[in-house]
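Report on one structure; see the data block that follows.
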Amino acid sequence: MTYQSLTEEEVKLRFITPAIENAGWDKHSQIRMEYAFTDGEMQIRGTKSVRGKQKRADYVLFYKPNIPLAIIEAKDDSHSIGDGLSQGIDYAKSLDIPYVYSSNGSGFLERDRLNHTENEIALEEFPSPEELWKRYIEKKSFTPEQEDIITQPYYFDAVTKRTPRYYQRVAINKTIEKIAKGDKRVLLVMATGTGKTFTAFQIAHRLKEAGVMKKILYLADRNILIDQTMVGDFKPFDKVMTKIKNKELDSAYEIYFALYQQLVDENLEKQPFTELDSEFFDLIIVDECHRGSAKEDSQWRQILEYFTSATQIGMTATPKEDKKTSNIDYFGEPAYIYSLKDGIKDGFLAPYRVIRIGFDKDLEGYVPEKGKTDTEGNPLEEREYNTLDYDRTIIIDDRTKKVAQKITEFLKNTDRYAKTIVFCVDTEHANRMRQALVNENSDIMEENENYIMRITGNDPAGKNQLDYFMDVDEKFPTIVTTSKLLTTGVDCKTCKLIVLDTNINSMTEFKQIIGRGTRLREDKGKTYFTIMDFRNNSRKFADPDFDSDPVSVIEVGGNDKIPKTRTPKEPTEPKSPRKKQRINGVEFKVVLQQNQCYDSDGNLITENLIDFTKNKLKEEYKDLNDFLNKWTSGMKREAIINELYEHDIFLDELREVVGREDIDDFDLICHIAFDKEPLTRQERVNNVKKRDYLNKYEGVARKVLEGLLDKYASSGIENLEDTDILYNNPFKQYGDPKKIAKTYFGGKKGLLDAMNGLQKEIYA
């Protein structure tokens with residue numbers, strides 16, 4: 001009898017699944033097969049985007065719905081028993097799963113990630129849920145009381161059916177385990193848009209249900225952060241929560257929301273927060289802890305130090321670490337980090353492209369001619385001015401106008417109703433930028449005067465429109481100018497364009513600003529966003545600090561060792577004079593426009609698009625013959641193009657750069673990668689006719705092939721890849737594809753051979 005190898009699916013069906021179920025794992029509540037834990041990276045393809053592949057584990061086994069214990073990777077029986085182990089370990093690291101198994105149906109190879117051991121076991125020896133859990137809690141040394149805390153279930157909303165994503169679950173479980181062990185300070189670092197408040201809610205819910213945290217304080221420094229949280233993720237606490245107002249503290253509630261400003265008053269000798277006993281709160285959650293509470297001498301830090309007996313959780317997307325401020329110094333090393341890069345790779349956050357624009361006098365500097373005066377007749381200092389001066393010490397109207405023109409040009413070429421935030425030097429600059437944008441968009445301003453607005457701290461009219469700007473269903477305001485107000489706390493999920501016309505020296509502020517665009521809303525057409533940079537802030541993408549783990553750099557006194565210091569990399573901004581000087585008659589010209597985007601490995605592509613594609617194609621194909629063989633091998637052209645997409649080769653955008661809409665993908669690739677002069681589709685058709693290739697066919701068969709050539713000439717090779725094209729004119733007069741194949745080509749094989757032959761002749 002001939003042996004026939006079993007497929008992976010057959011191995012799972014016949015051996016692995018029965019072994020798991022026989023060990024006592026419930027197939028309805030504890031076994032998850034084909035467990036997808038990422039969405040698949042959203043990859044930018046020119047002006048479009050496509051989803052990459054999801055990460056899927058063959059099996060994930062849960063002790064409780066919030067506690068995964070084991071992951072199993074299966075292989076067909078032509079593989080060895082441990083061939084799936086490395087992939088399983090890779091997934092287990094992301095999912096924070098302690099036990100990994102690989103199987104080909106003959107047994108299991110187990111990796112115990114807690115003890116760092118491997119052991120081969122028989123199918124019937126697979127451990128039960130209780131056995132694995134006992135091993136886990138013994139290794140972690142959890143007491144029965146601690147076990148009760150860490151096994152509390154999530155809050156589940158039967159209406160939304162929302163459950164934590166894998167990284168949120170990891171953050172929640174790690175935090176609760178640390179608190180169960182007695183840790184009083186916990187730091188969570190999660191990129192903007194990854195659901196920090198939902199994570200905080202689930203932590204608070206589980207600790208509250210366990211009975212260990214009865215009074216909870218949620219601290220923030222902006223009303224918008226408090227209000228969004230109360231009506232959003234924390235809404236299930238509606239009946240037991242309150243917002244502290246007018247510095248009045250009512251001890252009757254269980255969950256409290258407060259601005260630091262409501263608990264501290266510089267004018268009072270006795271601070272409002274001292275009205276409560278220092279042990280009143282069991283848990284304090286500090287939102288955006290990189291700001292006020294991070295500073296050791298901050299008045300806001302007094303609140304945390306007064307309620308020192310409370311467990312305190314700091315949450316931030318951007319931990320602040322410098323010589324005077326340190327989150328790590330106060331909260332300790334992060335319990336969990338989920339970065340912007342992680343979010344983009346997993347497909348939960350929007351990727352971005354960068355358009356860097358440089359004006360001549362930005363890159364070269366501006367030196368006023370001798371005797372140059374401002375609009376009030378005052379002489380200008382005879383020195384070189386640069387981007388650190390513009391709109392801070394000197395106002396040049398033509399530069400503001402040129403920035404507004406480039407923003408408007410981009411929106412007109414993409415989407416004029418794309419939500420846009422323009423970050424300016426200060427509130428005055430934000431107002432001048434608003435005026436310049438109004439003048440460039442008078443047609444839409446006539447439709448709605450709220451199309452462009454300034455939203456700054458000193459502009460009540462603009463601030464009143466903030467909720468409408470954040471609302472995904474509201475069209476207006478569309479473009480907002482600001483200085484600092486919108487750097488954090490603004491959850492505009494449909495923001496597609498972020499404009500940087502200010503000098504950002506703080507990496508923390510830079511990350512926060514980028515975070516305004518990272519949310520995905522595919523249902524609203526938001527799959528990526530664009531950063532338009534007028535002041536070379538995008539150089540920070542190359543800084544290792546941009547997406548690195550936080551490192552404590554707080555300066556210590558005496559002879560203590562400093563953990564790490566960083567030398568400032570940027571010039572200090574000049575101090576503003578009492579009055580800015582405004583000048584006219586100075587022209588600014590665009591001398592640099594560079595498009596940049598991330599590749600699928602999270603690296604910023606900065607080289608010329610054609611050079612980048614050429615290098616990528618040379619990696620993909622050894623030479624021209626290698627490419628020709630693949631192109632004419634009968635493989636679907638769509639599959640080849642998709643393969644190129646996976647390697648970040650953007651054919652649509654390339655065609656625009658080359659300026660040849662009349663050539664097909666084949667000629668475009670040959671031209672870019674192998675320096676071949678491209679032929680138009682019509683020229684290729686003419687060559688086929690000159691070579692008398694069609695003479696081997698007669699009557700209707702020849703007319704069908706001539707019609708296919710005409711289709712190719714007008715719209716490309718895809719019309720020669722599928723017989724369904726024969727349902728359309730001019731072929732319908734000869735019958736459906738089945739009839740055409742049988743009557744004029746001797747059957748389906750004859751038709752397909754003729755169509756494939758025609759394709760090869762086109763590219764001969």
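Naming works like this for the structure tokens: A, B, ... for the chains as they're shown, residue 1 at the start of each chain, ligands 1 onward in shown order.
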All residues 12 Å or closer to A:Leu380, only C-alpha atoms, same chain fewer than 4 positions away omitted, as a count of residues only: 20
Strand (DSSP E or B) per DSSP on the backbone: members of stretch 124-335 of chain A, as an NGL selection string: :A and (185-190 or 216-220 or 241-243 or 245 or 248 or 255-259 or 283-286 or 295 or 311-316 or 321 or 325-326)
Identify which of the residues A:Val264, A:Ile513, A:Leu283, A:Leu411 lies closest to A:Lys215, counting only C-alpha atoms when measuring atom-to-atom distances. A:Leu283
For A:Arg399: contacts at 9 Å, only C-alpha atoms, fewer than 5 positions along chain excluded, given as a list in words: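 Here the qualifying residues turn out to be Phe359, Tyr390, Ala404, Val586, Glu587, Phe588 and Lys589 of chain A.
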The selected residues should be written to file as a short mmCIF file (atom, residue, chain, number, x, y, z; two decimals), in the first residue's frame (atoms: N, CA, C and O atoms).
data_model
loop_
_atom_site.label_atom_id
_atom_site.label_comp_id
_atom_site.auth_asym_id
_atom_site.auth_seq_id
_atom_site.Cartn_x
_atom_site.Cartn_y
_atom_site.Cartn_z
N PHE A 359 11.23 75.58 1.42
CA PHE A 359 11.32 76.82 0.66
C PHE A 359 12.79 77.26 0.58
O PHE A 359 13.61 76.89 1.43
N TYR A 390 11.09 82.46 11.86
CA TYR A 390 9.85 82.74 11.16
C TYR A 390 8.65 82.52 12.07
O TYR A 390 8.50 81.48 12.71
N ALA A 404 -0.07 77.95 2.87
CA ALA A 404 -1.51 77.75 2.66
C ALA A 404 -1.79 77.24 1.25
O ALA A 404 -2.67 76.39 1.04
N VAL A 586 9.06 89.89 0.25
CA VAL A 586 10.06 88.83 0.27
C VAL A 586 9.41 87.57 -0.30
O VAL A 586 8.45 87.06 0.26
N GLU A 587 9.91 87.08 -1.41
CA GLU A 587 9.28 85.95 -2.09
C GLU A 587 9.89 84.62 -1.65
O GLU A 587 11.11 84.51 -1.50
N PHE A 588 9.03 83.64 -1.42
CA PHE A 588 9.47 82.28 -1.06
C PHE A 588 9.13 81.34 -2.21
O PHE A 588 8.03 81.37 -2.74
N LYS A 589 10.09 80.47 -2.55
CA LYS A 589 9.89 79.50 -3.62
C LYS A 589 10.14 78.09 -3.10
O LYS A 589 11.03 77.87 -2.28
#
Which neighbours of A:Met532 fall inside 9 Å, counting only C-alpha atoms, when residues of the same chain fewer than 5 positions from it are skipped, and could you give them as a list in words? Arg353, Val354, Ile355, Arg356, Ile357, Ile407, Leu497, Ile498, Val499, Leu500 and Asp501 of chain A
How would the residues just picked look written out with N, CA and C atoms as a PDB file, in the first residue's frame?
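Writing done, so here's part31.pdb:
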ATOM      1  N   ARG A 353       2.383  58.607   5.347  1.00  0.00           N
ATOM      2  CA  ARG A 353       3.374  59.059   4.373  1.00  0.00           C
ATOM      3  C   ARG A 353       3.750  60.483   4.752  1.00  0.00           C
ATOM      4  N   VAL A 354       4.937  60.892   4.378  1.00  0.00           N
ATOM      5  CA  VAL A 354       5.447  62.208   4.747  1.00  0.00           C
ATOM      6  C   VAL A 354       5.779  62.987   3.488  1.00  0.00           C
ATOM      7  N   ILE A 355       5.286  64.210   3.432  1.00  0.00           N
ATOM      8  CA  ILE A 355       5.666  65.128   2.354  1.00  0.00           C
ATOM      9  C   ILE A 355       6.465  66.254   2.993  1.00  0.00           C
ATOM     10  N   ARG A 356       7.741  66.294   2.701  1.00  0.00           N
ATOM     11  CA  ARG A 356       8.602  67.335   3.253  1.00  0.00           C
ATOM     12  C   ARG A 356       8.769  68.422   2.208  1.00  0.00           C
ATOM     13  N   ILE A 357       8.437  69.644   2.581  1.00  0.00           N
ATOM     14  CA  ILE A 357       8.506  70.771   1.648  1.00  0.00           C
ATOM     15  C   ILE A 357       9.489  71.809   2.194  1.00  0.00           C
ATOM     16  N   ILE A 407      -0.852  73.460   1.096  1.00  0.00           N
ATOM     17  CA  ILE A 407      -1.863  72.654   1.796  1.00  0.00           C
ATOM     18  C   ILE A 407      -3.093  72.500   0.920  1.00  0.00           C
ATOM     19  N   LEU A 497      -4.782  64.527   7.413  1.00  0.00           N
ATOM     20  CA  LEU A 497      -3.626  65.377   7.096  1.00  0.00           C
ATOM     21  C   LEU A 497      -3.186  66.140   8.338  1.00  0.00           C
ATOM     22  N   ILE A 498      -1.911  66.021   8.663  1.00  0.00           N
ATOM     23  CA  ILE A 498      -1.306  66.787   9.747  1.00  0.00           C
ATOM     24  C   ILE A 498      -0.214  67.650   9.134  1.00  0.00           C
ATOM     25  N   VAL A 499      -0.321  68.952   9.345  1.00  0.00           N
ATOM     26  CA  VAL A 499       0.633  69.898   8.777  1.00  0.00           C
ATOM     27  C   VAL A 499       1.508  70.449   9.899  1.00  0.00           C
ATOM     28  N   LEU A 500       2.811  70.396   9.707  1.00  0.00           N
ATOM     29  CA  LEU A 500       3.760  70.897  10.699  1.00  0.00           C
ATOM     30  C   LEU A 500       4.417  72.162  10.169  1.00  0.00           C
ATOM     31  N   ASP A 501       3.966  73.303  10.675  1.00  0.00           N
ATOM     32  CA  ASP A 501       4.617  74.570  10.345  1.00  0.00           C
ATOM     33  C   ASP A 501       5.069  75.247  11.632  1.00  0.00           C
TER      34      ASP A 501
END
Find the residues around A:Ile89 up to 9 Å (only C-alpha atoms counted), leave out those fewer than 2 positions away in its own chain, and share them as a list in words.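 Non-adjacent residues within range: Ile71, Gly84, Leu85, Ser86, Gln87, Tyr91, Ala92, Lys93, Ser94, Ile97, Tyr99, Val100, Tyr101, Arg111 and Arg113 of chain A.
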Now that the selection is made, can you save its residues with C-alpha atoms as a PDB file, in the first residue's frame?
ATOM      1  CA  ILE A  71      -0.535  27.811  21.901  1.00  0.00           C
ATOM      2  CA  GLY A  84       6.135  24.434  14.269  1.00  0.00           C
ATOM      3  CA  LEU A  85       7.827  25.364  17.541  1.00  0.00           C
ATOM      4  CA  SER A  86       9.712  28.495  16.428  1.00  0.00           C
ATOM      5  CA  GLN A  87       6.582  30.036  14.918  1.00  0.00           C
ATOM      6  CA  TYR A  91       3.361  34.137  18.534  1.00  0.00           C
ATOM      7  CA  ALA A  92       3.550  33.254  22.242  1.00  0.00           C
ATOM      8  CA  LYS A  93       5.910  36.171  22.886  1.00  0.00           C
ATOM      9  CA  SER A  94       3.381  38.590  21.440  1.00  0.00           C
ATOM     10  CA  ILE A  97       1.433  32.730  26.559  1.00  0.00           C
ATOM     11  CA  TYR A  99       3.292  27.098  27.111  1.00  0.00           C
ATOM     12  CA  VAL A 100       3.983  26.371  23.434  1.00  0.00           C
ATOM     13  CA  TYR A 101       3.360  23.094  21.602  1.00  0.00           C
ATOM     14  CA  ARG A 111       8.295  24.510  25.304  1.00  0.00           C
ATOM     15  CA  ARG A 113       8.590  29.446  28.531  1.00  0.00           C
TER      16      ARG A 113
END
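Residues in contact with stretch 247-261 of chain A at 7 Å, where only C-alpha atoms are counted and same-chain residues fewer than 5 positions away are skipped, are listed as A:Lys214, A:Lys215, A:Ile216, A:Leu217, A:Tyr218, A:Leu219, A:Ala220, A:Asp221, A:Arg222, A:Asn223, A:Ile226, A:Val240, A:Met241, A:Thr242, A:Pro272, A:Trp300.
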Let's have the selection written as a short mmCIF file (atom, residue, chain, number, x, y, z; two decimals), in the first residue's frame, with all heavy atoms.
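Generated output (part27.cif):
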data_model
loop_
_atom_site.label_atom_id
_atom_site.label_comp_id
_atom_site.auth_asym_id
_atom_site.auth_seq_id
_atom_site.Cartn_x
_atom_site.Cartn_y
_atom_site.Cartn_z
N LYS A 214 -11.90 49.68 46.00
CA LYS A 214 -13.28 50.13 46.15
C LYS A 214 -13.45 51.61 45.77
O LYS A 214 -14.49 52.01 45.27
CB LYS A 214 -13.75 49.89 47.58
CG LYS A 214 -13.77 48.40 47.95
CD LYS A 214 -14.15 48.19 49.40
CE LYS A 214 -14.11 46.71 49.76
NZ LYS A 214 -14.44 46.46 51.17
N LYS A 215 -12.43 52.42 46.04
CA LYS A 215 -12.47 53.84 45.70
C LYS A 215 -11.38 54.13 44.68
O LYS A 215 -10.19 53.89 44.94
CB LYS A 215 -12.25 54.69 46.95
CG LYS A 215 -13.35 54.59 48.00
CD LYS A 215 -14.59 55.40 47.60
CE LYS A 215 -15.58 55.44 48.77
NZ LYS A 215 -16.78 56.25 48.46
N ILE A 216 -11.79 54.65 43.53
CA ILE A 216 -10.85 54.83 42.41
C ILE A 216 -10.88 56.28 41.95
O ILE A 216 -11.94 56.88 41.78
CB ILE A 216 -11.23 53.89 41.25
CG1 ILE A 216 -11.16 52.43 41.71
CG2 ILE A 216 -10.31 54.12 40.05
CD1 ILE A 216 -11.69 51.43 40.69
N LEU A 217 -9.69 56.85 41.72
CA LEU A 217 -9.56 58.22 41.20
C LEU A 217 -8.89 58.17 39.83
O LEU A 217 -7.84 57.53 39.66
CB LEU A 217 -8.71 59.07 42.15
CG LEU A 217 -8.32 60.47 41.66
CD1 LEU A 217 -9.56 61.35 41.46
CD2 LEU A 217 -7.34 61.14 42.62
N TYR A 218 -9.52 58.84 38.86
CA TYR A 218 -8.95 58.94 37.51
C TYR A 218 -8.52 60.39 37.31
O TYR A 218 -9.34 61.31 37.33
CB TYR A 218 -10.00 58.56 36.47
CG TYR A 218 -9.49 58.43 35.05
CD1 TYR A 218 -9.24 57.18 34.50
CD2 TYR A 218 -9.27 59.55 34.26
CE1 TYR A 218 -8.77 57.05 33.20
CE2 TYR A 218 -8.80 59.43 32.96
CZ TYR A 218 -8.56 58.18 32.44
OH TYR A 218 -8.10 58.06 31.14
N LEU A 219 -7.21 60.61 37.14
CA LEU A 219 -6.64 61.95 37.05
C LEU A 219 -6.22 62.30 35.63
O LEU A 219 -5.63 61.48 34.93
CB LEU A 219 -5.40 62.05 37.95
CG LEU A 219 -5.56 62.45 39.41
CD1 LEU A 219 -4.19 62.40 40.09
CD2 LEU A 219 -6.16 63.84 39.53
N ALA A 220 -6.51 63.53 35.23
CA ALA A 220 -6.04 64.04 33.93
C ALA A 220 -5.86 65.55 34.06
O ALA A 220 -6.24 66.15 35.07
CB ALA A 220 -7.02 63.70 32.82
N ASP A 221 -5.30 66.17 33.04
CA ASP A 221 -5.07 67.62 33.14
C ASP A 221 -5.87 68.42 32.11
O ASP A 221 -5.66 69.61 31.96
CB ASP A 221 -3.58 67.94 33.01
CG ASP A 221 -3.03 67.67 31.61
OD1 ASP A 221 -3.72 66.97 30.84
OD2 ASP A 221 -1.93 68.15 31.30
N ARG A 222 -6.79 67.74 31.39
CA ARG A 222 -7.63 68.46 30.43
C ARG A 222 -9.05 67.92 30.50
O ARG A 222 -9.27 66.72 30.58
CB ARG A 222 -7.10 68.30 29.00
CG ARG A 222 -5.73 68.96 28.83
CD ARG A 222 -5.32 69.03 27.37
NE ARG A 222 -4.00 69.63 27.24
CZ ARG A 222 -3.41 69.89 26.08
NH1 ARG A 222 -4.03 69.59 24.95
NH2 ARG A 222 -2.22 70.43 26.02
N ASN A 223 -10.00 68.86 30.46
CA ASN A 223 -11.41 68.47 30.54
C ASN A 223 -11.80 67.48 29.46
O ASN A 223 -12.57 66.56 29.70
CB ASN A 223 -12.29 69.73 30.43
CG ASN A 223 -12.74 70.22 31.80
OD1 ASN A 223 -13.18 69.43 32.63
ND2 ASN A 223 -12.60 71.51 32.04
N ILE A 226 -11.12 63.95 30.41
CA ILE A 226 -12.07 63.46 31.42
C ILE A 226 -13.43 63.18 30.78
O ILE A 226 -14.02 62.10 30.97
CB ILE A 226 -12.23 64.50 32.55
CG1 ILE A 226 -10.92 64.65 33.32
CG2 ILE A 226 -13.38 64.11 33.48
CD1 ILE A 226 -10.54 63.47 34.16
N VAL A 240 -22.05 54.96 39.60
CA VAL A 240 -21.21 55.07 40.80
C VAL A 240 -20.04 56.04 40.59
O VAL A 240 -19.12 56.08 41.42
CB VAL A 240 -20.65 53.69 41.21
CG1 VAL A 240 -21.79 52.77 41.60
CG2 VAL A 240 -19.79 53.08 40.11
N MET A 241 -20.06 56.82 39.50
CA MET A 241 -18.93 57.72 39.26
C MET A 241 -19.38 59.18 39.25
O MET A 241 -20.56 59.49 39.02
CB MET A 241 -18.23 57.39 37.94
CG MET A 241 -19.01 57.65 36.68
SD MET A 241 -18.05 57.16 35.21
CE MET A 241 -19.23 57.51 33.90
N THR A 242 -18.41 60.07 39.48
CA THR A 242 -18.69 61.51 39.50
C THR A 242 -17.46 62.27 39.04
O THR A 242 -16.33 61.76 39.12
CB THR A 242 -19.08 61.97 40.92
OG1 THR A 242 -19.47 63.35 40.87
CG2 THR A 242 -17.91 61.82 41.89
N PRO A 272 -7.23 71.50 48.47
CA PRO A 272 -8.54 70.83 48.47
C PRO A 272 -8.45 69.31 48.65
O PRO A 272 -9.30 68.72 49.31
CB PRO A 272 -9.11 71.19 47.10
CG PRO A 272 -8.46 72.49 46.76
CD PRO A 272 -7.08 72.41 47.32
N TRP A 300 1.23 69.18 41.26
CA TRP A 300 0.32 68.07 40.96
C TRP A 300 0.87 66.76 41.54
O TRP A 300 0.11 65.88 41.90
CB TRP A 300 0.12 67.94 39.46
CG TRP A 300 -0.55 69.14 38.87
CD1 TRP A 300 -1.14 70.16 39.56
CD2 TRP A 300 -0.69 69.45 37.50
NE1 TRP A 300 -1.65 71.09 38.69
CE2 TRP A 300 -1.38 70.68 37.41
CE3 TRP A 300 -0.30 68.83 36.32
CZ2 TRP A 300 -1.70 71.29 36.20
CZ3 TRP A 300 -0.61 69.43 35.11
CH2 TRP A 300 -1.31 70.65 35.05
#
If DSSP is run on the backbone, what residues of stretch 132-315 of chain A are helix (DSSP H, G or I)? A reply as a PyMOL selection string would be ideal. chain A and resi 132-140+144-150+166-180+196-209+223-231+235-240+260-263+272-275+292-294+299-306
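Ranking A:Asp491, A:Glu333, A:Asp362, A:Asp467 by their shortest atom-to-atom distance to A:Arg521, with only C-alpha atoms included, puts A:Asp491 first.
Across A:Thr38, A:Asn22, A:Asn378, A:Asn173, the tightest approach to A:Lys55 is made by A:Thr38 when counting only C-alpha atoms.
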Which residues are close to stretch 433-445 of chain A, i.e. within 7 Å by only C-alpha atoms, leaving aside same-chain residues fewer than 3 positions away? Reply as a PyMOL selection string. chain A and resi 400-401+404-405+408+429-430+448-449+451-454+481
Tell me which of A:Thr197, A:Glu125, A:Ile455, A:Glu269 sits closest to A:Thr316, counting only C-alpha atoms.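 Comparing A:Thr197, A:Glu125, A:Ile455, A:Glu269 against A:Thr316, the winner is A:Thr197.
Minimum atom-to-atom distance to A:Ala200, evaluated using only C-alpha atoms, belongs to A:Gly314 out of A:Pro737, A:Gly332, A:Gly314, A:Gly757.
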Using Å and a single decimal, report how far atom CA of A:Phe674 sits from atom CA of A:Leu709.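 Going from atom CA of A:Leu709 over to atom CA of A:Phe674, I get 25.7 Å.
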